[in-house]
>>> print(open('my_file_12.cif').read())   # mmCIF, C-alpha atoms
data_structure
#
loop_
_atom_site.label_atom_id
_atom_site.label_comp_id
_atom_site.auth_asym_id
_atom_site.auth_seq_id
_atom_site.Cartn_x
_atom_site.Cartn_y
_atom_site.Cartn_z
CA MET A 1 6.94 -10.39 84.66
CA GLU A 2 7.55 -8.81 88.00
CA CYS A 3 4.50 -8.26 90.21
CA VAL A 4 4.55 -5.60 92.91
CA PHE A 5 1.52 -4.28 94.76
CA GLY A 6 0.67 -2.59 98.05
CA LEU A 7 -2.00 -0.92 100.10
CA VAL A 8 -2.47 1.33 103.14
CA GLY A 9 -4.48 0.18 106.17
CA ASN A 10 -5.28 1.47 109.62
CA GLY A 11 -1.91 2.72 110.87
CA PHE A 12 0.15 0.50 108.57
CA ALA A 13 1.12 -0.06 104.95
CA ILE A 14 1.73 -3.41 103.31
CA VAL A 15 3.67 -4.18 100.15
CA ALA A 16 4.02 -7.53 98.39
CA ALA A 17 6.40 -8.46 95.59
CA ASP A 18 7.19 -11.60 93.64
CA THR A 19 10.61 -13.13 94.26
CA SER A 20 11.65 -14.41 90.84
CA ALA A 21 14.88 -13.32 89.18
CA VAL A 22 14.27 -14.00 85.49
CA HIS A 23 16.56 -13.80 82.46
CA SER A 24 14.64 -14.43 79.18
CA ILE A 25 13.27 -17.97 79.63
CA LEU A 26 15.43 -18.86 82.62
CA LEU A 27 14.44 -18.46 86.26
CA HIS A 28 17.79 -17.93 87.95
CA LYS A 29 16.52 -17.54 91.49
CA ASN A 30 13.11 -17.75 93.15
CA LYS A 31 13.93 -16.20 96.54
CA GLU A 32 15.13 -12.75 95.39
CA ASP A 33 13.93 -10.13 97.88
CA LYS A 34 12.78 -7.08 95.92
CA ILE A 35 11.47 -5.10 98.87
CA MET A 36 14.27 -3.05 100.40
CA VAL A 37 14.09 -1.68 103.90
CA LEU A 38 15.01 1.93 103.21
CA ASP A 39 15.30 2.93 106.85
CA SER A 40 13.63 2.06 110.13
CA HIS A 41 10.14 3.09 108.93
CA LYS A 42 10.25 2.91 105.13
CA LEU A 43 9.97 0.17 102.55
CA VAL A 44 10.79 0.36 98.85
CA ALA A 45 9.31 -2.33 96.62
CA ALA A 46 10.95 -2.07 93.22
CA SER A 47 10.47 -3.81 89.90
CA GLY A 48 12.38 -3.35 86.68
CA GLU A 49 15.67 -4.21 85.01
CA PRO A 50 17.88 -6.11 87.41
CA GLY A 51 20.89 -3.79 87.41
CA ASP A 52 18.82 -0.62 87.63
CA ARG A 53 16.58 -1.98 90.38
CA VAL A 54 19.37 -2.78 92.82
CA GLN A 55 21.65 0.14 91.94
CA PHE A 56 18.95 2.81 92.03
CA THR A 57 17.29 1.65 95.24
CA GLU A 58 20.67 1.34 96.97
CA TYR A 59 21.52 4.84 95.76
CA VAL A 60 18.30 6.18 97.30
CA GLN A 61 18.92 4.21 100.51
CA LYS A 62 22.44 5.62 100.92
CA ASN A 63 21.31 9.17 100.28
CA VAL A 64 18.46 8.84 102.78
CA SER A 65 21.00 7.55 105.35
CA LEU A 66 23.33 10.45 104.55
CA TYR A 67 20.58 12.97 105.19
CA GLN A 68 19.92 11.34 108.55
CA PHE A 69 23.61 11.42 109.50
CA ARG A 70 24.03 15.04 108.43
CA ASN A 71 20.86 16.40 109.99
CA GLY A 72 20.20 14.06 112.89
CA LEU A 73 16.63 13.57 111.70
CA PRO A 74 15.14 10.96 109.36
CA LEU A 75 13.42 12.05 106.17
CA THR A 76 9.63 11.82 106.05
CA THR A 77 8.12 9.35 103.62
CA ALA A 78 6.89 12.20 101.44
CA ALA A 79 10.36 13.76 101.33
CA ALA A 80 12.02 10.44 100.46
CA ALA A 81 9.45 9.81 97.72
CA ASN A 82 9.95 13.25 96.24
CA PHE A 83 13.73 12.82 96.37
CA THR A 84 13.41 9.50 94.53
CA ARG A 85 11.15 11.00 91.89
CA GLY A 86 13.57 13.90 91.44
CA GLU A 87 16.46 11.54 90.78
CA LEU A 88 14.42 9.58 88.25
CA ALA A 89 13.32 12.80 86.55
CA THR A 90 16.87 14.17 86.30
CA ALA A 91 18.12 10.96 84.74
CA LEU A 92 15.10 10.55 82.47
CA ARG A 93 16.23 12.58 79.49
CA LYS A 94 19.86 11.43 79.66
CA ASN A 95 20.31 7.94 81.07
CA PRO A 96 16.95 6.73 82.36
CA TYR A 97 16.50 4.14 85.07
CA SER A 98 13.95 1.45 84.23
CA VAL A 99 12.60 1.00 87.77
CA ASN A 100 9.06 1.19 89.10
CA ILE A 101 8.77 1.82 92.83
CA LEU A 102 6.13 1.58 95.51
CA MET A 103 7.40 3.40 98.59
CA ALA A 104 5.58 2.66 101.85
CA GLY A 105 6.34 4.46 105.09
CA TYR A 106 5.10 5.45 108.51
CA ASP A 107 5.54 8.94 109.98
CA LYS A 108 4.32 10.06 113.39
CA GLU A 109 2.42 13.05 111.97
CA ALA A 110 1.24 11.72 108.62
CA GLY A 111 0.62 8.12 109.66
CA ALA A 112 1.04 5.35 107.10
CA SER A 113 1.42 6.33 103.44
CA LEU A 114 2.10 4.72 100.07
CA TYR A 115 3.71 6.42 97.08
CA TYR A 116 3.50 5.23 93.48
CA ILE A 117 6.63 6.21 91.50
CA ASP A 118 6.96 4.87 87.98
CA TYR A 119 9.96 4.73 85.68
CA ILE A 120 9.18 8.04 83.95
CA ALA A 121 9.15 9.80 87.30
CA THR A 122 5.42 9.97 87.91
CA LEU A 123 4.67 10.48 91.61
CA HIS A 124 1.34 9.88 93.29
CA LYS A 125 0.34 9.40 96.88
CA VAL A 126 -2.09 6.48 96.78
CA ASP A 127 -4.08 4.13 99.00
CA LYS A 128 -3.32 1.14 96.81
CA GLY A 129 -1.03 0.61 93.84
CA ALA A 130 0.50 -2.07 91.66
CA PHE A 131 3.09 -2.60 88.90
CA GLY A 132 3.71 -5.26 86.30
CA TYR A 133 1.41 -7.70 84.53
CA GLY A 134 0.11 -8.71 87.95
CA SER A 135 -1.39 -5.24 88.29
CA TYR A 136 -4.09 -6.14 85.75
CA PHE A 137 -5.43 -8.61 88.30
CA SER A 138 -4.49 -7.10 91.64
CA LEU A 139 -5.73 -3.54 91.01
CA SER A 140 -9.33 -4.50 90.37
CA THR A 141 -9.30 -7.00 93.23
CA MET A 142 -8.02 -4.30 95.55
CA ASP A 143 -10.49 -1.73 94.19
CA ARG A 144 -13.36 -4.10 94.92
CA HIS A 145 -12.43 -5.19 98.44
CA TYR A 146 -10.38 -2.29 99.84
CA ARG A 147 -11.57 -0.12 102.70
CA SER A 148 -9.50 2.68 104.18
CA ASP A 149 -9.50 1.39 107.77
CA MET A 150 -8.58 -2.24 107.23
CA SER A 151 -6.89 -4.20 109.99
CA VAL A 152 -3.69 -6.12 109.32
CA GLU A 153 -5.58 -9.42 109.11
CA GLU A 154 -8.10 -8.03 106.61
CA ALA A 155 -5.29 -6.49 104.54
CA ILE A 156 -3.39 -9.78 104.46
CA GLU A 157 -6.57 -11.53 103.33
CA LEU A 158 -6.81 -9.02 100.48
CA VAL A 159 -3.11 -9.52 99.60
CA ASP A 160 -3.71 -13.27 99.51
CA LYS A 161 -6.72 -12.79 97.25
CA CYS A 162 -4.53 -10.81 94.86
CA ILE A 163 -1.74 -13.39 94.94
CA LEU A 164 -4.25 -16.17 94.29
CA GLU A 165 -5.68 -14.26 91.35
CA ILE A 166 -2.23 -13.60 89.89
CA ARG A 167 -1.25 -17.25 90.34
CA SER A 168 -4.37 -18.56 88.69
CA ARG A 169 -4.69 -16.09 85.80
CA LEU A 170 -1.26 -14.82 84.82
CA VAL A 171 0.22 -17.13 82.19
CA ILE A 172 3.79 -17.04 83.58
CA ALA A 173 2.88 -16.43 87.17
CA PRO A 174 5.69 -16.10 89.70
CA PRO A 175 5.68 -19.00 92.17
CA ASN A 176 6.72 -17.14 95.33
CA PHE A 177 5.93 -13.81 96.97
CA VAL A 178 7.29 -11.86 99.92
CA ILE A 179 5.11 -9.57 102.04
CA LYS A 180 6.51 -6.74 104.16
CA ILE A 181 4.75 -4.35 106.51
CA VAL A 182 5.53 -0.92 107.98
CA ASP A 183 3.76 0.57 110.98
CA LYS A 184 4.60 2.60 114.07
CA ASN A 185 6.88 -0.23 115.24
CA GLY A 186 8.96 -0.07 112.08
CA ALA A 187 9.48 -1.75 108.74
CA ARG A 188 9.85 -5.51 108.74
CA GLU A 189 9.27 -8.68 106.81
CA TYR A 190 5.80 -10.06 107.43
CA ASP A 191 5.68 -13.38 105.61
CA TRP A 192 6.44 -15.34 102.44
CA ARG A 193 3.97 -17.11 100.17
CA ILE A 194 5.84 -20.03 98.70
CA THR A 195 4.60 -22.63 96.22
CA THR A 196 7.91 -23.76 94.78
CA VAL A 197 10.92 -24.44 96.97
CA ASP A 198 14.17 -24.67 94.99
CA ALA A 199 14.46 -27.97 93.15
CA MET B 200 32.15 -26.61 92.57
CA VAL B 201 32.65 -24.75 89.30
CA ALA B 202 32.58 -26.32 85.85
CA ALA B 203 32.70 -25.02 82.28
CA ASP B 204 33.13 -26.13 78.67
CA SER B 205 35.86 -24.73 76.40
CA ARG B 206 34.30 -23.88 73.04
CA ALA B 207 34.43 -20.46 71.40
CA SER B 208 32.30 -19.83 68.33
CA MET B 209 31.93 -17.03 65.82
CA GLY B 210 28.46 -17.59 64.42
CA GLY B 211 28.53 -21.11 62.96
CA TYR B 212 32.32 -21.37 62.98
CA ILE B 213 34.04 -22.99 65.94
CA SER B 214 37.03 -20.76 66.48
CA SER B 215 38.50 -22.68 69.40
CA GLN B 216 37.89 -25.87 71.38
CA SER B 217 40.37 -25.02 74.11
CA VAL B 218 39.32 -21.75 75.72
CA LYS B 219 39.93 -21.35 79.45
CA LYS B 220 36.48 -20.31 80.64
CA ILE B 221 37.25 -20.64 84.32
CA ILE B 222 39.34 -17.64 85.19
CA GLU B 223 41.54 -17.71 88.27
CA ILE B 224 41.02 -14.30 89.84
CA ASN B 225 43.21 -15.16 92.84
CA PRO B 226 44.07 -18.38 94.70
CA TYR B 227 40.72 -18.51 96.48
CA MET B 228 38.35 -16.99 93.93
CA LEU B 229 37.24 -18.15 90.49
CA GLY B 230 35.24 -16.46 87.75
CA THR B 231 33.46 -18.12 84.82
CA MET B 232 33.26 -16.79 81.30
CA ALA B 233 30.09 -16.58 79.21
CA GLY B 234 29.24 -14.03 76.55
CA GLY B 235 32.08 -12.06 75.02
CA ALA B 236 35.46 -13.68 75.66
CA ALA B 237 37.44 -10.43 75.57
CA ASP B 238 35.04 -8.66 77.93
CA CYS B 239 35.11 -11.53 80.43
CA GLN B 240 38.87 -11.92 80.39
CA PHE B 241 39.55 -8.21 80.68
CA TRP B 242 37.07 -7.46 83.45
CA HIS B 243 38.03 -10.52 85.47
CA ARG B 244 41.68 -9.47 85.27
CA ASN B 245 40.60 -5.97 86.33
CA LEU B 246 38.62 -7.48 89.21
CA GLY B 247 41.71 -9.41 90.30
CA ILE B 248 43.64 -6.16 90.42
CA LYS B 249 40.94 -4.46 92.49
CA CYS B 250 40.79 -7.43 94.89
CA ARG B 251 44.56 -7.28 95.41
CA LEU B 252 44.40 -3.52 96.01
CA HIS B 253 41.61 -4.07 98.55
CA ALA B 254 43.69 -6.68 100.38
CA LEU B 255 46.69 -4.36 100.47
CA ALA B 256 44.66 -1.38 101.66
CA ASN B 257 42.60 -3.23 104.27
CA LYS B 258 45.11 -5.90 105.35
CA ARG B 259 42.60 -8.65 104.74
CA ARG B 260 41.13 -10.54 101.83
CA ILE B 261 38.09 -9.18 100.08
CA SER B 262 34.85 -11.12 100.57
CA VAL B 263 33.13 -12.86 97.66
CA SER B 264 30.20 -10.49 98.17
CA GLY B 265 32.54 -7.50 97.90
CA ALA B 266 34.35 -8.82 94.85
CA SER B 267 31.10 -9.55 93.01
CA LYS B 268 29.75 -6.10 93.95
CA LEU B 269 32.91 -4.46 92.55
CA LEU B 270 32.41 -6.30 89.27
CA ALA B 271 28.67 -5.59 89.15
CA ASN B 272 29.19 -1.87 89.77
CA MET B 273 31.89 -1.70 87.09
CA LEU B 274 29.68 -3.47 84.55
CA TYR B 275 26.70 -1.28 85.51
CA SER B 276 28.66 1.86 84.73
CA TYR B 277 29.08 0.55 81.17
CA ARG B 278 25.44 -0.45 80.70
CA GLY B 279 24.01 0.19 77.28
CA MET B 280 27.49 0.28 75.72
CA GLY B 281 27.43 -3.26 74.43
CA LEU B 282 29.46 -5.23 76.95
CA SER B 283 28.55 -8.92 76.95
CA VAL B 284 29.41 -10.62 80.24
CA GLY B 285 27.56 -13.43 82.01
CA THR B 286 29.71 -14.61 84.85
CA MET B 287 29.69 -16.36 88.17
CA ILE B 288 32.07 -15.37 90.96
CA ALA B 289 32.81 -18.31 93.22
CA GLY B 290 35.07 -18.20 96.23
CA TRP B 291 35.67 -18.80 99.88
CA ASP B 292 35.73 -16.11 102.54
CA GLU B 293 35.17 -15.73 106.31
CA THR B 294 31.47 -16.52 105.94
CA GLY B 295 32.19 -19.75 104.06
CA PRO B 296 31.56 -20.53 100.38
CA GLY B 297 30.06 -17.78 98.23
CA LEU B 298 28.54 -17.89 94.75
CA TYR B 299 27.29 -14.84 92.88
CA TYR B 300 25.90 -14.42 89.36
CA VAL B 301 26.84 -11.12 87.69
CA ASP B 302 25.91 -9.97 84.20
CA ASN B 303 26.49 -7.05 81.88
CA GLU B 304 23.11 -5.49 82.71
CA GLY B 305 24.38 -4.95 86.24
CA GLY B 306 22.33 -7.75 87.74
CA ARG B 307 23.89 -9.51 90.73
CA LEU B 308 22.32 -12.54 92.43
CA LYS B 309 23.48 -14.58 95.40
CA GLY B 310 22.59 -18.26 95.21
CA ASP B 311 23.48 -21.88 95.79
CA ARG B 312 23.70 -22.88 92.15
CA PHE B 313 23.66 -21.13 88.79
CA SER B 314 24.10 -21.98 85.16
CA VAL B 315 25.07 -19.34 82.60
CA GLY B 316 25.46 -19.25 78.83
CA SER B 317 23.77 -20.60 75.73
CA GLY B 318 23.81 -24.17 77.07
CA SER B 319 22.58 -23.13 80.51
CA PRO B 320 18.98 -24.42 80.28
CA TYR B 321 20.29 -27.88 79.39
CA ALA B 322 22.77 -27.77 82.25
CA TYR B 323 20.06 -26.61 84.67
CA GLY B 324 17.97 -29.65 83.77
CA VAL B 325 20.69 -32.06 84.87
CA LEU B 326 21.94 -29.89 87.74
CA ASP B 327 18.55 -29.31 89.36
CA SER B 328 17.44 -32.94 89.19
CA GLY B 329 20.66 -34.24 90.73
CA TYR B 330 21.32 -31.56 93.36
CA LYS B 331 21.21 -31.85 97.14
CA TYR B 332 22.82 -29.33 99.50
CA ASP B 333 24.77 -32.02 101.38
CA MET B 334 26.53 -33.94 98.61
CA SER B 335 30.06 -35.29 98.80
CA VAL B 336 32.84 -33.71 96.74
CA GLU B 337 32.95 -36.71 94.39
CA GLU B 338 29.19 -36.69 93.82
CA THR B 339 29.20 -32.95 93.19
CA SER B 340 32.11 -33.03 90.75
CA GLU B 341 30.42 -35.82 88.80
CA LEU B 342 27.15 -33.83 88.75
CA ALA B 343 29.02 -30.77 87.50
CA ARG B 344 30.81 -32.77 84.82
CA ARG B 345 27.56 -34.40 83.76
CA SER B 346 25.76 -31.03 83.54
CA ILE B 347 28.45 -29.63 81.23
CA TYR B 348 28.45 -32.80 79.13
CA HIS B 349 24.69 -32.72 78.60
CA ALA B 350 24.80 -29.04 77.69
CA THR B 351 27.53 -29.68 75.12
CA PHE B 352 25.52 -32.58 73.69
CA ARG B 353 22.46 -30.45 72.90
CA ASP B 354 23.90 -26.96 72.40
CA GLY B 355 25.97 -26.33 69.28
CA ALA B 356 27.81 -23.44 70.86
CA SER B 357 29.14 -25.59 73.70
CA GLY B 358 31.80 -28.28 73.48
CA GLY B 359 35.48 -29.05 73.85
CA VAL B 360 36.69 -29.95 77.33
CA ALA B 361 34.60 -30.10 80.51
CA SER B 362 36.74 -28.61 83.30
CA VAL B 363 35.75 -29.04 86.94
CA TYR B 364 37.22 -26.96 89.76
CA HIS B 365 36.69 -27.35 93.51
CA VAL B 366 36.65 -24.30 95.80
CA GLY B 367 37.42 -24.97 99.45
CA PRO B 368 38.67 -23.15 102.55
CA GLU B 369 42.26 -23.40 101.30
CA GLY B 370 41.38 -22.07 97.85
CA TRP B 371 40.56 -23.66 94.51
CA THR B 372 41.97 -26.80 92.89
CA LYS B 373 41.35 -28.17 89.43
CA LEU B 374 39.75 -31.59 89.73
CA SER B 375 39.41 -32.73 86.12
CA GLY B 376 39.38 -31.77 82.47
CA ASP B 377 37.70 -34.29 80.18
CA ASP B 378 37.05 -34.08 76.47
CA VAL B 379 33.26 -34.22 76.06
CA GLU B 380 33.53 -36.57 73.05
CA GLU B 381 35.30 -39.09 75.29
CA LEU B 382 32.77 -38.48 78.08
CA HIS B 383 30.01 -39.34 75.62
CA TYR B 384 31.38 -42.81 74.94
CA HIS B 385 32.17 -43.20 78.63
CA TYR B 386 28.54 -42.53 79.60
CA TYR B 387 27.02 -44.26 76.57
CA PRO B 388 29.36 -47.03 75.46
CA VAL B 389 28.79 -48.45 71.99
CA ALA B 390 27.64 -52.05 72.18
CA PRO B 391 29.51 -54.19 69.64
CA ALA B 392 27.21 -54.62 66.65
CA ILE B 393 26.25 -58.20 65.85
CA ALA B 394 26.66 -58.56 62.13
CA GLU B 395 23.89 -60.61 60.54
CA GLN B 396 25.63 -60.98 57.23
CA VAL B 397 29.30 -60.68 56.63
CA MET B 398 30.74 -59.73 53.28
CA GLU B 399 33.44 -62.09 52.20
CA GLU B 400 36.40 -61.17 50.10
CA ALA B 401 36.03 -62.42 46.54
CA THR B 402 39.04 -64.62 45.82
CA ALA B 403 40.62 -64.32 42.41
CA GLU B 404 39.70 -67.47 40.49
#
>>> encode(input="my_file_12.cif", output="structure tokens")
Amino acid sequence: MECVFGLVGNGFAIVAADTSAVHSILLHKNKEDKIMVLDSHKLVAASGEPGDRVQFTEYVQKNVSLYQFRNGLPLTTAAAANFTRGELATALRKNPYSVNILMAGYDKEAGASLYYIDYIATLHKVDKGAFGYGSYFSLSTMDRHYRSDMSVEEAIELVDKCILEIRSRLVIAPPNFVIKIVDKNGAREYDWRITTVDA
Amino acid sequence: MVAADSRASMGGYISSQSVKKIIEINPYMLGTMAGGAADCQFWHRNLGIKCRLHALANKRRISVSGASKLLANMLYSYRGMGLSVGTMIAGWDETGPGLYYVDNEGGRLKGDRFSVGSGSPYAYGVLDSGYKYDMSVEETSELARRSIYHATFRDGASGGVASVYHVGPEGWTKLSGDDVEELHYHYYPVAPAIAEQVMEEATAE
């Protein structure tokens, strides 16, 4: 199952996601990037049904861009997270989206932040969060080793601990992960953790 | 390189051994059919119409990425309503060759190789073990043919004729169409049995 997790450090937020595109017993692709760059300083890591994941996150991305075009100002991370939650909530009782989202962003005033948005439109601002079966392993690992003022190196060490734990304990563990970071310099890809290159 | 079998089944009954599962969307783009035959045929035809309208409106051909996105968005709008489509869109555009997997859940994946359908795990086994990015056209068409053959051997819902198409800068061409029964004896010829005892005709005495 899809593993997504993230945490906030000192002036940055990091999210990691597995990169497997699975259909019942078949792994169709193991380099599928599930962390979308929403705008210059926001990341959206999404897990859920394949159609919903791409369509809903692209819908949010386009609406965030539209706001910026119309108003000449980008949305704050909090505003984008609340917009996303609102869309999920509106659709929930009619045609729900099965997507879980971790939204990470950096704002000049608020600093780095992470928002946990699940498929039934729960919204929480958190220091660390995770979705999927991998969360059973990564949440406790993060709870144990997390501190609120971690440097990037310490945070990556923690991310690697979580990935190692998921790989060793989850019965159908995803082989590859992608890690992305957002800080005052913007949102960008940080690294990949690859065990299986395509056959 | 695109290859497919040609069997259609209704439960345990083989309704046809000669279904065209590689659909010619336009001269430079192909779609494959897996899942519901009617859904695939209809929506690929519809995609062909949309691609032509795009070319007329924009005075240039649609990209493979654009065509697959059109199909994925259309299928997504019908999600939950029981469409059954597992397809690959293969074509050639300005950026070179493009291959996308699109299904009825709205999923869309870009990749270098895919296998779709009930026989797909069997085909993946042969495809993955024989694949290299820089293969010749002959090697690739034989790998594609072999993958389909092995899938038809093990999967009851696959069979008929293994068709292989090549997609290049000038468009697609059909390379071969071989009956999988004949391919079986081609790959695994029957050695003549050495009879240990021969029955003789009893002569009327």
>>> resolve_selection(input="my_file_12.cif", expression="the PyMOL selection byres ((chain B and resi 313-318) around 6)", output="PyMOL selection string")
chain B and resi 233+312+319-321+350+354
>>> atom_distance(input="my_file_12.cif", atom1="atom CA of Pro226 of chain B", atom2="atom CA of Thr372 of chain B")
8.9 Å
>>> resolve_selection(input="my_file_12.cif", expression="the PyMOL selection byres ((chain A) within 8 of (chain B))", output="PyMOL selection string")
chain A and resi 26+28-29+32+49-52+54+199
>>> closest_residue(input="my_file_12.cif", among="B:Val263, B:Ser215, B:Asn225, B:Met200", to="Val360 of chain B", atoms="all atoms listed in the file")
B:Ser215
>>> atom_distance(input="my_file_12.cif", atom1="atom CA of Gly186 of chain A", atom2="atom CA of Lys42 of chain A")
7.7 Å
>>> atom_distance(input="my_file_12.cif", atom1="atom CA of Asn176 of chain A", atom2="atom CA of Arg193 of chain A")
5.6 Å
>>> residues_around(input="my_file_12.cif", residues="Leu43 of chain A", least_positions_apart="2", cutoff="8 Å", atoms="all atoms listed in the file", output="PyMOL selection string")
chain A and resi 35-39+41+45+103-105+180-182+187
>>> residues_around(input="my_file_12.cif", residues="Trp192 of chain A", least_positions_apart="4", cutoff="10 Å", atoms="all atoms listed in the file", output="short mmCIF file (atom, residue, chain, number, x, y, z; two decimals) with C-alpha atoms, keeping the file's coordinate frame")
data_model
loop_
_atom_site.label_atom_id
_atom_site.label_comp_id
_atom_site.auth_asym_id
_atom_site.auth_seq_id
_atom_site.Cartn_x
_atom_site.Cartn_y
_atom_site.Cartn_z
CA ALA A 16 4.02 -7.53 98.39
CA ALA A 17 6.40 -8.46 95.59
CA ASP A 18 7.19 -11.60 93.64
CA THR A 19 10.61 -13.13 94.26
CA LYS A 31 13.93 -16.20 96.54
CA ASN A 176 6.72 -17.14 95.33
CA PHE A 177 5.93 -13.81 96.97
CA VAL A 178 7.29 -11.86 99.92
CA ILE A 179 5.11 -9.57 102.04
CA LYS A 180 6.51 -6.74 104.16
#
>>> residues_near_point(input="my_file_12.cif", point="(-8.4, -7.5, 107.6)", cutoff="12 Å", atoms="only C-alpha atoms", output="list in words")
Leu7, Val8, Gly9, Asn10, Phe12, Ile14, His145, Tyr146, Arg147, Ser148, Asp149, Met150, Ser151, Val152, Glu153, Glu154, Ala155, Ile156, Glu157, Leu158, Val159, Asp160 and Lys161 of chain A
>>> write_last_selection(input="my_file_12.cif", atoms="C-alpha atoms", output="PDB file, in the frame of the given file")
ATOM      1  CA  LEU A   7      -2.000  -0.920 100.100  1.00  0.00           C
ATOM      2  CA  VAL A   8      -2.470   1.330 103.140  1.00  0.00           C
ATOM      3  CA  GLY A   9      -4.480   0.180 106.170  1.00  0.00           C
ATOM      4  CA  ASN A  10      -5.280   1.470 109.620  1.00  0.00           C
ATOM      5  CA  PHE A  12       0.150   0.500 108.570  1.00  0.00           C
ATOM      6  CA  ILE A  14       1.730  -3.410 103.310  1.00  0.00           C
ATOM      7  CA  HIS A 145     -12.430  -5.190  98.440  1.00  0.00           C
ATOM      8  CA  TYR A 146     -10.380  -2.290  99.840  1.00  0.00           C
ATOM      9  CA  ARG A 147     -11.570  -0.120 102.700  1.00  0.00           C
ATOM     10  CA  SER A 148      -9.500   2.680 104.180  1.00  0.00           C
ATOM     11  CA  ASP A 149      -9.500   1.390 107.770  1.00  0.00           C
ATOM     12  CA  MET A 150      -8.580  -2.240 107.230  1.00  0.00           C
ATOM     13  CA  SER A 151      -6.890  -4.200 109.990  1.00  0.00           C
ATOM     14  CA  VAL A 152      -3.690  -6.120 109.320  1.00  0.00           C
ATOM     15  CA  GLU A 153      -5.580  -9.420 109.110  1.00  0.00           C
ATOM     16  CA  GLU A 154      -8.100  -8.030 106.610  1.00  0.00           C
ATOM     17  CA  ALA A 155      -5.290  -6.490 104.540  1.00  0.00           C
ATOM     18  CA  ILE A 156      -3.390  -9.780 104.460  1.00  0.00           C
ATOM     19  CA  GLU A 157      -6.570 -11.530 103.330  1.00  0.00           C
ATOM     20  CA  LEU A 158      -6.810  -9.020 100.480  1.00  0.00           C
ATOM     21  CA  VAL A 159      -3.110  -9.520  99.600  1.00  0.00           C
ATOM     22  CA  ASP A 160      -3.710 -13.270  99.510  1.00  0.00           C
ATOM     23  CA  LYS A 161      -6.720 -12.790  97.250  1.00  0.00           C
TER      24      LYS A 161
END
>>> resolve_selection(input="my_file_12.cif", expression="the PyMOL selection byres ((chain B and resi 208) around 12)", output="PyMOL selection string")
chain B and resi 205-207+209-218+233-236+317+354-359
>>> residues_around(input="my_file_12.cif", residues="Leu374 of chain B", least_positions_apart="4", cutoff="9 Å", atoms="only C-alpha atoms", output="list in words")
Ser340, Ser362, Val363, Tyr364 and His365 of chain B
>>> closest_residue(input="my_file_12.cif", among="B:Gln396, B:Thr339, B:Asn257, B:Ser267", to="Thr286 of chain B", atoms="all atoms listed in the file")
B:Ser267
>>> closest_residue(input="my_file_12.cif", among="A:Asn30, A:Ser47, A:Thr76, A:Ser20", to="Ser113 of chain A", atoms="all atoms listed in the file")
A:Thr76
>>> build_atoms(input="my_file_12.cif", residues="segment 110-122 of chain A", atoms="N, CA and C atoms", output="short mmCIF file (atom, residue, chain, number, x, y, z; two decimals), in the frame of the given file")
data_model
loop_
_atom_site.label_atom_id
_atom_site.label_comp_id
_atom_site.auth_asym_id
_atom_site.auth_seq_id
_atom_site.Cartn_x
_atom_site.Cartn_y
_atom_site.Cartn_z
N ALA A 110 2.06 12.04 109.80
CA ALA A 110 1.24 11.72 108.62
C ALA A 110 0.63 10.33 108.69
N GLY A 111 1.12 9.49 109.62
CA GLY A 111 0.62 8.12 109.66
C GLY A 111 1.23 7.29 108.54
N ALA A 112 0.52 6.24 108.14
CA ALA A 112 1.04 5.35 107.10
C ALA A 112 0.72 5.93 105.73
N SER A 113 1.66 5.81 104.80
CA SER A 113 1.42 6.33 103.44
C SER A 113 2.08 5.44 102.42
N LEU A 114 1.58 5.51 101.19
CA LEU A 114 2.10 4.72 100.07
C LEU A 114 2.27 5.64 98.88
N TYR A 115 3.44 5.58 98.24
CA TYR A 115 3.71 6.42 97.08
C TYR A 115 3.99 5.57 95.87
N TYR A 116 3.34 5.93 94.75
CA TYR A 116 3.50 5.23 93.48
C TYR A 116 4.47 6.06 92.64
N ILE A 117 5.64 5.47 92.29
CA ILE A 117 6.63 6.21 91.50
C ILE A 117 6.99 5.32 90.31
N ASP A 118 6.64 5.75 89.10
CA ASP A 118 6.96 4.87 87.98
C ASP A 118 8.23 5.30 87.27
N TYR A 119 8.61 4.56 86.25
CA TYR A 119 9.96 4.73 85.68
C TYR A 119 10.13 6.05 84.94
N ILE A 120 9.01 6.72 84.56
CA ILE A 120 9.18 8.04 83.95
C ILE A 120 8.90 9.15 84.95
N ALA A 121 9.15 8.81 86.23
CA ALA A 121 9.15 9.80 87.30
C ALA A 121 7.78 10.39 87.60
N THR A 122 6.75 9.56 87.43
CA THR A 122 5.42 9.97 87.91
C THR A 122 5.39 9.75 89.41
#
